[in-house]
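Asker: I am sharing upload30.cif, which consists of mmCIF, C-alpha atoms:
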```cif
data_final
#
loop_
_atom_site.group_PDB
_atom_site.id
_atom_site.type_symbol
_atom_site.label_atom_id
_atom_site.label_comp_id
_atom_site.auth_asym_id
_atom_site.auth_seq_id
_atom_site.Cartn_x
_atom_site.Cartn_y
_atom_site.Cartn_z
ATOM 1 C CA ALA N 1 44.875 13.116 -4.222
ATOM 2 C CA THR N 2 41.299 12.864 -2.932
ATOM 3 C CA VAL N 3 41.313 16.408 -1.568
ATOM 4 C CA GLU N 4 42.902 17.707 -4.770
ATOM 5 C CA ALA N 5 40.190 15.951 -6.820
ATOM 6 C CA LEU N 6 37.490 17.504 -4.651
ATOM 7 C CA TRP N 7 38.825 21.016 -5.254
ATOM 8 C CA ARG N 8 39.160 20.374 -8.989
ATOM 9 C CA ALA N 9 35.550 19.137 -9.053
ATOM 10 C CA VAL N 10 34.352 22.514 -7.771
ATOM 11 C CA GLY N 11 36.431 24.447 -10.296
ATOM 12 C CA ALA N 12 39.569 25.234 -8.298
ATOM 13 C CA LEU N 13 43.089 24.818 -9.660
ATOM 14 C CA PRO N 14 45.036 23.415 -6.706
ATOM 15 C CA GLU N 15 48.801 23.466 -6.658
ATOM 16 C CA ARG N 16 51.174 21.619 -4.371
ATOM 17 C CA ILE N 17 53.541 24.026 -2.667
ATOM 18 C CA ALA N 18 55.674 24.094 0.464
ATOM 19 C CA PRO N 19 54.025 25.502 3.610
ATOM 20 C CA ASP N 20 56.303 28.562 3.702
ATOM 21 C CA GLU N 21 55.473 29.371 0.072
ATOM 22 C CA HIS N 22 51.766 29.034 0.892
ATOM 23 C CA ASP N 23 52.164 31.452 3.807
ATOM 24 C CA ARG N 24 54.055 33.937 1.610
ATOM 25 C CA LYS N 25 51.420 33.820 -1.126
ATOM 26 C CA MET N 26 48.496 34.088 1.290
ATOM 27 C CA ALA N 27 50.155 37.058 2.986
ATOM 28 C CA TRP N 28 49.757 38.880 -0.331
ATOM 29 C CA VAL N 29 46.544 37.603 -1.880
ATOM 30 C CA SER N 30 44.434 36.969 1.197
ATOM 31 C CA HIS N 31 45.680 38.195 4.554
ATOM 32 C CA GLY N 32 47.131 41.494 3.387
ATOM 33 C CA VAL N 33 44.085 42.190 1.241
ATOM 34 C CA HIS N 34 41.759 41.662 4.188
ATOM 35 C CA ALA N 35 43.882 43.799 6.515
ATOM 36 C CA ALA N 36 43.926 46.675 4.007
ATOM 37 C CA ALA N 37 40.165 46.428 3.377
ATOM 38 C CA ALA N 38 39.407 46.307 7.093
ATOM 39 C CA ALA N 39 41.637 49.324 7.793
ATOM 40 C CA LEU N 40 39.954 51.296 5.000
ATOM 41 C CA ALA N 41 36.451 50.329 6.139
ATOM 42 C CA ARG N 42 37.245 51.276 9.722
ATOM 43 C CA ALA N 43 38.714 54.627 8.666
ATOM 44 C CA ILE N 44 35.633 55.409 6.581
ATOM 45 C CA ASP N 45 33.345 54.415 9.448
ATOM 46 C CA THR N 46 34.918 57.221 11.487
ATOM 47 C CA GLU N 47 33.778 59.768 8.852
ATOM 48 C CA PRO N 48 29.946 59.676 8.893
ATOM 49 C CA GLN N 49 29.677 62.425 6.259
ATOM 50 C CA LEU N 50 31.109 59.971 3.701
ATOM 51 C CA ALA N 51 28.213 57.503 4.037
ATOM 52 C CA GLY N 52 26.258 58.687 0.984
ATOM 53 C CA SER N 53 29.324 59.209 -1.179
ATOM 54 C CA ALA N 54 30.479 55.615 -1.550
ATOM 55 C CA GLY N 55 30.307 54.163 -5.015
ATOM 56 C CA PRO N 56 30.834 50.643 -6.313
ATOM 57 C CA GLY N 57 34.629 50.908 -6.223
ATOM 58 C CA LEU N 58 34.704 51.564 -2.503
ATOM 59 C CA LEU N 59 32.099 48.894 -1.854
ATOM 60 C CA ASP N 60 34.106 46.355 -3.888
ATOM 61 C CA THR N 61 37.305 47.325 -2.078
ATOM 62 C CA THR N 62 35.839 46.984 1.416
ATOM 63 C CA ARG N 63 33.498 43.995 0.868
ATOM 64 C CA VAL N 64 35.907 41.500 2.421
ATOM 65 C CA ALA N 65 36.060 43.627 5.562
ATOM 66 C CA GLY N 66 32.611 42.280 6.416
ATOM 67 C CA ALA N 67 34.087 38.925 7.458
ATOM 68 C CA PRO N 68 34.055 38.191 11.207
ATOM 69 C CA ALA N 69 36.761 40.210 12.965
ATOM 70 C CA GLU N 70 37.472 37.374 15.404
ATOM 71 C CA LEU N 71 38.242 34.986 12.551
ATOM 72 C CA TRP N 72 40.609 37.434 10.882
ATOM 73 C CA THR N 73 42.279 38.304 14.168
ATOM 74 C CA GLU N 74 43.164 34.624 14.566
ATOM 75 C CA ILE N 75 44.301 34.297 10.945
ATOM 76 C CA LEU N 76 46.494 37.394 11.046
ATOM 77 C CA LEU N 77 48.022 36.559 14.422
ATOM 78 C CA GLY N 78 48.605 32.968 13.335
ATOM 79 C CA ASN N 79 50.395 34.159 10.197
ATOM 80 C CA ARG N 80 51.974 37.248 11.709
ATOM 81 C CA ALA N 81 55.559 36.598 10.603
ATOM 82 C CA PRO N 82 54.822 36.004 6.895
ATOM 83 C CA VAL N 83 52.383 38.930 6.736
ATOM 84 C CA LEU N 84 54.815 41.365 8.386
ATOM 85 C CA ARG N 85 57.691 40.103 6.243
ATOM 86 C CA GLU N 86 55.764 40.629 3.004
ATOM 87 C CA ILE N 87 54.388 44.022 4.065
ATOM 88 C CA GLY N 88 57.979 45.051 4.813
ATOM 89 C CA ARG N 89 58.977 44.104 1.256
ATOM 90 C CA ALA N 90 56.242 46.238 -0.334
#
```
Starting from the coordinates I provided, produce the structure as structure tokens.
Answerer:
Amino acid sequence: ATVEALWRAVGALPERIAPDEHDRKMAWVSHGVHAAAAALARAIDTEPQLAGSAGPGLLDTTRVAGAPAELWTEILLGNRAPVLREIGRA
């Protein structure tokens, strides 16, 4: 209750869910999003002629790819099964 109150105090809307449901949801709205953004950013980095062509849409899409790669490697490997399962359903 204390942790829930803390998150509500900063404007979040916490919900109590089972761990497997959390992993499924995060596979879609967090982990998968980061993986897609990182893959896109890396692909674009291999095409130097694109550097001056990026507009706000591309920058918005790849912004999350700026997070530390080591952190996301741990997150994705730690949640490998739910991420792969949900990607397979897409």
Asker: What's around Ala36 (chain N) at 10 Å? Count only C-alpha atoms, leave out sequence neighbours fewer than 4 positions away in its own chain, and write the answer as a PyMOL selection string.
Answerer: chain N and resi 31-32+40-42+61-62+64-65
Asker: Store the residues picked out above, limited to C-alpha atoms, as a compact mmCIF listing (two decimals), in the frame of the given file.
Answerer:
```txt
# COMPACT_ATOMS: atom_id res chain seq x y z
CA HIS N 31 45.68 38.20 4.55
CA GLY N 32 47.13 41.49 3.39
CA LEU N 40 39.95 51.30 5.00
CA ALA N 41 36.45 50.33 6.14
CA ARG N 42 37.24 51.28 9.72
CA THR N 61 37.30 47.32 -2.08
CA THR N 62 35.84 46.98 1.42
CA VAL N 64 35.91 41.50 2.42
CA ALA N 65 36.06 43.63 5.56
```
Asker: Would you list the contacts of Arg89 (chain N) as an mmCIF file with C-alpha atoms, keeping the file's coordinate frame, taking every protein, DNA or RNA residue within 12 Å and counting all atoms listed in the file, but skipping same-chain residues closer than 5 positions in sequence?
Answerer:
```cif
data_model
loop_
_atom_site.group_PDB
_atom_site.id
_atom_site.type_symbol
_atom_site.label_atom_id
_atom_site.label_comp_id
_atom_site.auth_asym_id
_atom_site.auth_seq_id
_atom_site.Cartn_x
_atom_site.Cartn_y
_atom_site.Cartn_z
ATOM 1 C CA ARG N 24 54.055 33.937 1.610
ATOM 2 C CA ALA N 27 50.155 37.058 2.986
ATOM 3 C CA TRP N 28 49.757 38.880 -0.331
ATOM 4 C CA PRO N 82 54.822 36.004 6.895
ATOM 5 C CA VAL N 83 52.383 38.930 6.736
ATOM 6 C CA LEU N 84 54.815 41.365 8.386
#
```
Asker: Would you mind listing what lies within 12 Å of region 50-60 of chain N as a PDB file with C-alpha atoms, keeping the file's coordinate frame, with all atoms listed in the file counted and same-chain residues fewer than 6 positions away left out?
Answerer:
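Output below, filename part-v2.pdb:
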```
ATOM      1  CA  VAL N  33      44.085  42.190   1.241  1.00  0.00           C
ATOM      2  CA  ALA N  37      40.165  46.428   3.377  1.00  0.00           C
ATOM      3  CA  ALA N  38      39.407  46.307   7.093  1.00  0.00           C
ATOM      4  CA  LEU N  40      39.954  51.296   5.000  1.00  0.00           C
ATOM      5  CA  ALA N  41      36.451  50.329   6.139  1.00  0.00           C
ATOM      6  CA  ALA N  43      38.714  54.627   8.666  1.00  0.00           C
ATOM      7  CA  ILE N  44      35.633  55.409   6.581  1.00  0.00           C
ATOM      8  CA  GLY N  66      32.611  42.280   6.416  1.00  0.00           C
TER       9      GLY N  66
END
```
Asker: Evaluate the PyMOL selection byres ((chain N and resi 12-20) around 12) on the structure here and hand back the selected residues as JSON, numbers by chain.
Answerer: {"N": [1, 2, 3, 4, 5, 6, 7, 8, 9, 10, 11, 21, 22, 23, 24, 25, 26, 27, 79, 81, 82, 83, 85]}
Asker: Give the centre and edge lengths of an axis-aligned box, in Å to one decimal, that holds all listed atoms of region 36-53 of chain N with 3 Å on each side, as JSON.
Answerer:
```
{"center_x": 35.1, "center_y": 54.4, "center_z": 5.2, "size_x": 23.7, "size_y": 22.1, "size_z": 18.7}
```
Asker: Some atoms are missing, so please complete region 41-57 of chain N with N, CA, C and O atoms and return it as a short mmCIF file (atom, residue, chain, number, x, y, z; two decimals), in the frame of the given file.
Answerer:
```
data_model
loop_
_atom_site.label_atom_id
_atom_site.label_comp_id
_atom_site.auth_asym_id
_atom_site.auth_seq_id
_atom_site.Cartn_x
_atom_site.Cartn_y
_atom_site.Cartn_z
N ALA N 41 37.85 50.30 5.68
CA ALA N 41 36.45 50.33 6.14
C ALA N 41 36.34 50.99 7.50
O ALA N 41 35.44 51.80 7.74
N ARG N 42 37.27 50.67 8.38
CA ARG N 42 37.24 51.28 9.72
C ARG N 42 37.49 52.78 9.64
O ARG N 42 36.83 53.57 10.32
N ALA N 43 38.44 53.19 8.81
CA ALA N 43 38.71 54.63 8.67
C ALA N 43 37.50 55.36 8.13
O ALA N 43 37.15 56.44 8.61
N ILE N 44 36.81 54.78 7.16
CA ILE N 44 35.63 55.41 6.58
C ILE N 44 34.49 55.46 7.59
O ILE N 44 33.75 56.44 7.64
N ASP N 45 34.39 54.43 8.41
CA ASP N 45 33.34 54.42 9.45
C ASP N 45 33.49 55.57 10.43
O ASP N 45 32.53 55.96 11.07
N THR N 46 34.71 56.11 10.57
CA THR N 46 34.92 57.22 11.49
C THR N 46 34.55 58.57 10.85
O THR N 46 34.64 59.59 11.51
N GLU N 47 34.15 58.54 9.58
CA GLU N 47 33.78 59.77 8.85
C GLU N 47 32.33 59.65 8.38
O GLU N 47 32.07 59.33 7.22
N PRO N 48 31.35 59.88 9.26
CA PRO N 48 29.95 59.68 8.89
C PRO N 48 29.49 60.47 7.68
O PRO N 48 28.59 60.04 6.95
N GLN N 49 30.09 61.61 7.40
CA GLN N 49 29.68 62.42 6.26
C GLN N 49 29.98 61.75 4.93
O GLN N 49 29.50 62.17 3.88
N LEU N 50 30.78 60.69 4.93
CA LEU N 50 31.11 59.97 3.70
C LEU N 50 30.06 58.93 3.33
O LEU N 50 30.09 58.39 2.21
N ALA N 51 29.14 58.62 4.22
CA ALA N 51 28.21 57.50 4.04
C ALA N 51 27.50 57.53 2.69
O ALA N 51 27.41 56.51 2.02
N GLY N 52 27.00 58.64 2.24
CA GLY N 52 26.26 58.69 0.98
C GLY N 52 27.13 58.85 -0.25
O GLY N 52 26.62 58.89 -1.37
N SER N 53 28.42 58.95 -0.06
CA SER N 53 29.32 59.21 -1.18
C SER N 53 29.98 57.96 -1.76
O SER N 53 30.67 58.04 -2.77
N ALA N 54 29.80 56.84 -1.12
CA ALA N 54 30.48 55.62 -1.55
C ALA N 54 29.87 55.08 -2.83
O ALA N 54 28.67 54.95 -2.96
N GLY N 55 30.74 54.77 -3.77
CA GLY N 55 30.31 54.16 -5.01
C GLY N 55 30.72 52.71 -5.07
O GLY N 55 31.23 52.15 -4.08
N PRO N 56 30.53 52.07 -6.21
CA PRO N 56 30.83 50.64 -6.31
C PRO N 56 32.30 50.31 -6.08
O PRO N 56 32.61 49.23 -5.57
N GLY N 57 33.21 51.20 -6.43
CA GLY N 57 34.63 50.91 -6.22
C GLY N 57 34.96 50.75 -4.75
O GLY N 57 35.66 49.82 -4.36
#
```
